[in-house]
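Worksheet for the structure shown next.
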Amino acid sequence: MWTHRLLAEHLGLAGLAVSASQIGRILDAVDLKPHLVRGWLTRPADPEFFTKAADVCALYRTCPENSVVFSVDEKTGITARSRKHPDQLGQPGQPGRRTRREFEYIRHGTVSIVAALNVHTG
């Protein structure tokens with residue numbers, strides 16, 4: 001990812017003397033924010049989408065007699081990991097001493113979770 005400093009260094013290699021703070025001012029002046037990304041979802045247009053959505057919402061609001069309504073969600077590819085080193089607890093009773101946590105972790109593969117919730121009983 002490009003930072004203001006890296007952009008300034010790259011321009012310096014091309015013979016242009018521009019500081020990192022100047023890069024920031026230039027990007028700000030033209031309202032350019034390369035660090036912000038907006039995603040979107042392309043899906044086929046369904047003329048009946050709102051009717052279908054209203055039917056689902058109606059099921060969530062009122063359970064038909066002798067029925068059960070479940071909401072199901074799937075989370076795939078969640079990284080299963082644990083900390084490589086235990087936290088170092090701050091000294092109790094000493095202000096300003098916070099718990100320290102090592103950033104390294106051990107990977108244990110991935111997991112997929114499927115959860116279901118009975119909408120009307122929880």
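Ordering of the structure tokens sets the chain letters (A, B, ...); residue numbers start at 1 within each chain; ligands are numbered from 1 in the order shown.
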Residue list (strand (DSSP E), DSSP) for region 91-122 of chain A, as number ranges by chain: A: 105-118
List the spatial neighbours of region 4-17 of chain A as a PDB file with N, CA and C atoms, in the first residue's frame - criterion: any atom at most 12 Å away, only C-alpha atoms, same-chain residues fewer than 6 positions off excluded.
ATOM      1  N   ILE A  23       2.721  15.687  -0.171  1.00  0.00           N
ATOM      2  CA  ILE A  23       1.862  14.667  -0.780  1.00  0.00           C
ATOM      3  C   ILE A  23       0.496  14.683  -0.094  1.00  0.00           C
ATOM      4  N   GLY A  24       0.494  14.735   1.233  1.00  0.00           N
ATOM      5  CA  GLY A  24      -0.753  14.768   1.978  1.00  0.00           C
ATOM      6  C   GLY A  24      -1.599  15.975   1.626  1.00  0.00           C
ATOM      7  N   ARG A  25      -0.956  17.142   1.517  1.00  0.00           N
ATOM      8  CA  ARG A  25      -1.703  18.363   1.174  1.00  0.00           C
ATOM      9  C   ARG A  25      -2.266  18.290  -0.246  1.00  0.00           C
ATOM     10  N   ILE A  26      -1.487  17.747  -1.176  1.00  0.00           N
ATOM     11  CA  ILE A  26      -1.944  17.624  -2.569  1.00  0.00           C
ATOM     12  C   ILE A  26      -3.147  16.693  -2.649  1.00  0.00           C
ATOM     13  N   LEU A  27      -3.046  15.531  -2.008  1.00  0.00           N
ATOM     14  CA  LEU A  27      -4.159  14.576  -2.035  1.00  0.00           C
ATOM     15  C   LEU A  27      -5.397  15.161  -1.364  1.00  0.00           C
ATOM     16  N   ASP A  28      -5.193  15.896  -0.275  1.00  0.00           N
ATOM     17  CA  ASP A  28      -6.314  16.509   0.435  1.00  0.00           C
ATOM     18  C   ASP A  28      -6.975  17.580  -0.426  1.00  0.00           C
ATOM     19  N   LYS A  33      -8.593  10.049  -1.821  1.00  0.00           N
ATOM     20  CA  LYS A  33      -8.360   9.214  -0.637  1.00  0.00           C
ATOM     21  C   LYS A  33      -8.143   7.766  -1.085  1.00  0.00           C
ATOM     22  N   PRO A  34      -6.921   7.460  -1.528  1.00  0.00           N
ATOM     23  CA  PRO A  34      -6.669   6.112  -2.056  1.00  0.00           C
ATOM     24  C   PRO A  34      -6.779   5.015  -1.004  1.00  0.00           C
ATOM     25  N   HIS A  35      -6.785   5.365   0.286  1.00  0.00           N
ATOM     26  CA  HIS A  35      -6.887   4.361   1.341  1.00  0.00           C
ATOM     27  C   HIS A  35      -8.331   3.926   1.568  1.00  0.00           C
TER      28      HIS A  35
END
Every residue of chain A that DSSP places in helix (DSSP H, G or I), as a PyMOL selection string: chain A and resi 4-13+20-29+49-61
Counting only C-alpha atoms, the residue of A:Glu104, A:Glu48, A:Asp31, A:Asp55 that sits nearest Pro86 (chain A): A:Glu104
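Of note, CA of Arg81 (chain A) and CA of Gly96 (chain A) are spaced 29.3 Å apart.
From CA of Thr79 (chain A) back to CA of Gly39 (chain A), the distance works out to 22.1 Å.
Of note, CA of Arg43 (chain A) and CA of Ala58 (chain A) are spaced 23.4 Å apart.
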If we count only C-alpha atoms and set the cut-off at 10 Å, which residues sit around Ser82 (chain A), ignoring sequence neighbours fewer than 6 positions away in its own chain? Please answer as an mmCIF file with N, CA and C atoms, in the first residue's frame.
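Saved the output as around-v2.cif:
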data_model
loop_
_atom_site.group_PDB
_atom_site.id
_atom_site.type_symbol
_atom_site.label_atom_id
_atom_site.label_comp_id
_atom_site.auth_asym_id
_atom_site.auth_seq_id
_atom_site.Cartn_x
_atom_site.Cartn_y
_atom_site.Cartn_z
ATOM 1 N N GLU A 104 2.100 -12.218 17.397
ATOM 2 C CA GLU A 104 2.222 -13.463 16.626
ATOM 3 C C GLU A 104 1.137 -14.465 17.024
ATOM 4 N N TYR A 105 0.713 -15.245 16.035
ATOM 5 C CA TYR A 105 -0.272 -16.282 16.311
ATOM 6 C C TYR A 105 0.061 -17.539 15.515
ATOM 7 N N ILE A 106 -0.569 -18.634 15.901
ATOM 8 C CA ILE A 106 -0.377 -19.918 15.231
ATOM 9 C C ILE A 106 -1.650 -20.237 14.459
ATOM 10 N N ARG A 107 -1.494 -20.610 13.206
ATOM 11 C CA ARG A 107 -2.652 -20.973 12.389
ATOM 12 C C ARG A 107 -3.017 -22.437 12.609
ATOM 13 N N HIS A 108 -4.296 -22.684 12.715
ATOM 14 C CA HIS A 108 -4.795 -24.047 12.879
ATOM 15 C C HIS A 108 -5.741 -24.416 11.741
#
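Contact shell of Gly122 (chain A) at 12 Å (only C-alpha atoms; same-chain neighbours under 3 positions omitted): Tyr60, Val68, Val69, Phe70, Ser71, Ala116, Leu117, Asn118 and Val119 of chain A.
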File of the preceding selection, N, CA and C atoms, as a PDB file, in the first residue's frame:
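Produced file out.pdb, reproduced below:
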ATOM      1  N   TYR A  60     -40.930 -13.517   9.495  1.00  0.00           N
ATOM      2  CA  TYR A  60     -40.178 -13.141  10.686  1.00  0.00           C
ATOM      3  C   TYR A  60     -41.078 -12.475  11.724  1.00  0.00           C
ATOM      4  N   VAL A  68     -42.356 -23.590  12.307  1.00  0.00           N
ATOM      5  CA  VAL A  68     -41.162 -23.056  12.940  1.00  0.00           C
ATOM      6  C   VAL A  68     -40.408 -22.285  11.860  1.00  0.00           C
ATOM      7  N   VAL A  69     -39.932 -21.084  12.194  1.00  0.00           N
ATOM      8  CA  VAL A  69     -39.191 -20.265  11.233  1.00  0.00           C
ATOM      9  C   VAL A  69     -37.749 -20.166  11.714  1.00  0.00           C
ATOM     10  N   PHE A  70     -36.819 -20.608  10.879  1.00  0.00           N
ATOM     11  CA  PHE A  70     -35.395 -20.544  11.196  1.00  0.00           C
ATOM     12  C   PHE A  70     -34.701 -19.536  10.301  1.00  0.00           C
ATOM     13  N   SER A  71     -33.748 -18.840  10.867  1.00  0.00           N
ATOM     14  CA  SER A  71     -32.852 -17.976  10.108  1.00  0.00           C
ATOM     15  C   SER A  71     -31.499 -18.680  10.125  1.00  0.00           C
ATOM     16  N   ALA A 116     -28.054 -21.579  13.040  1.00  0.00           N
ATOM     17  CA  ALA A 116     -29.497 -21.456  12.799  1.00  0.00           C
ATOM     18  C   ALA A 116     -30.152 -20.925  14.065  1.00  0.00           C
ATOM     19  N   LEU A 117     -31.099 -20.033  13.884  1.00  0.00           N
ATOM     20  CA  LEU A 117     -31.802 -19.420  14.996  1.00  0.00           C
ATOM     21  C   LEU A 117     -33.305 -19.552  14.772  1.00  0.00           C
ATOM     22  N   ASN A 118     -33.993 -20.060  15.780  1.00  0.00           N
ATOM     23  CA  ASN A 118     -35.457 -20.082  15.732  1.00  0.00           C
ATOM     24  C   ASN A 118     -35.885 -18.638  15.942  1.00  0.00           C
ATOM     25  N   VAL A 119     -36.435 -18.011  14.912  1.00  0.00           N
ATOM     26  CA  VAL A 119     -36.734 -16.587  14.921  1.00  0.00           C
ATOM     27  C   VAL A 119     -37.704 -16.202  16.037  1.00  0.00           C
TER      28      VAL A 119
END
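The closest residue to Thr121 (chain A), picked from A:Cys63, A:Val30, A:Leu41, A:Ile78 and counting only C-alpha atoms, is A:Cys63.
For the residues A:Thr51, A:Ile113, A:Trp2, A:Ser19, ranking by smallest atom-to-atom distance to Glu74 (chain A) using only C-alpha atoms places A:Ile113 first.
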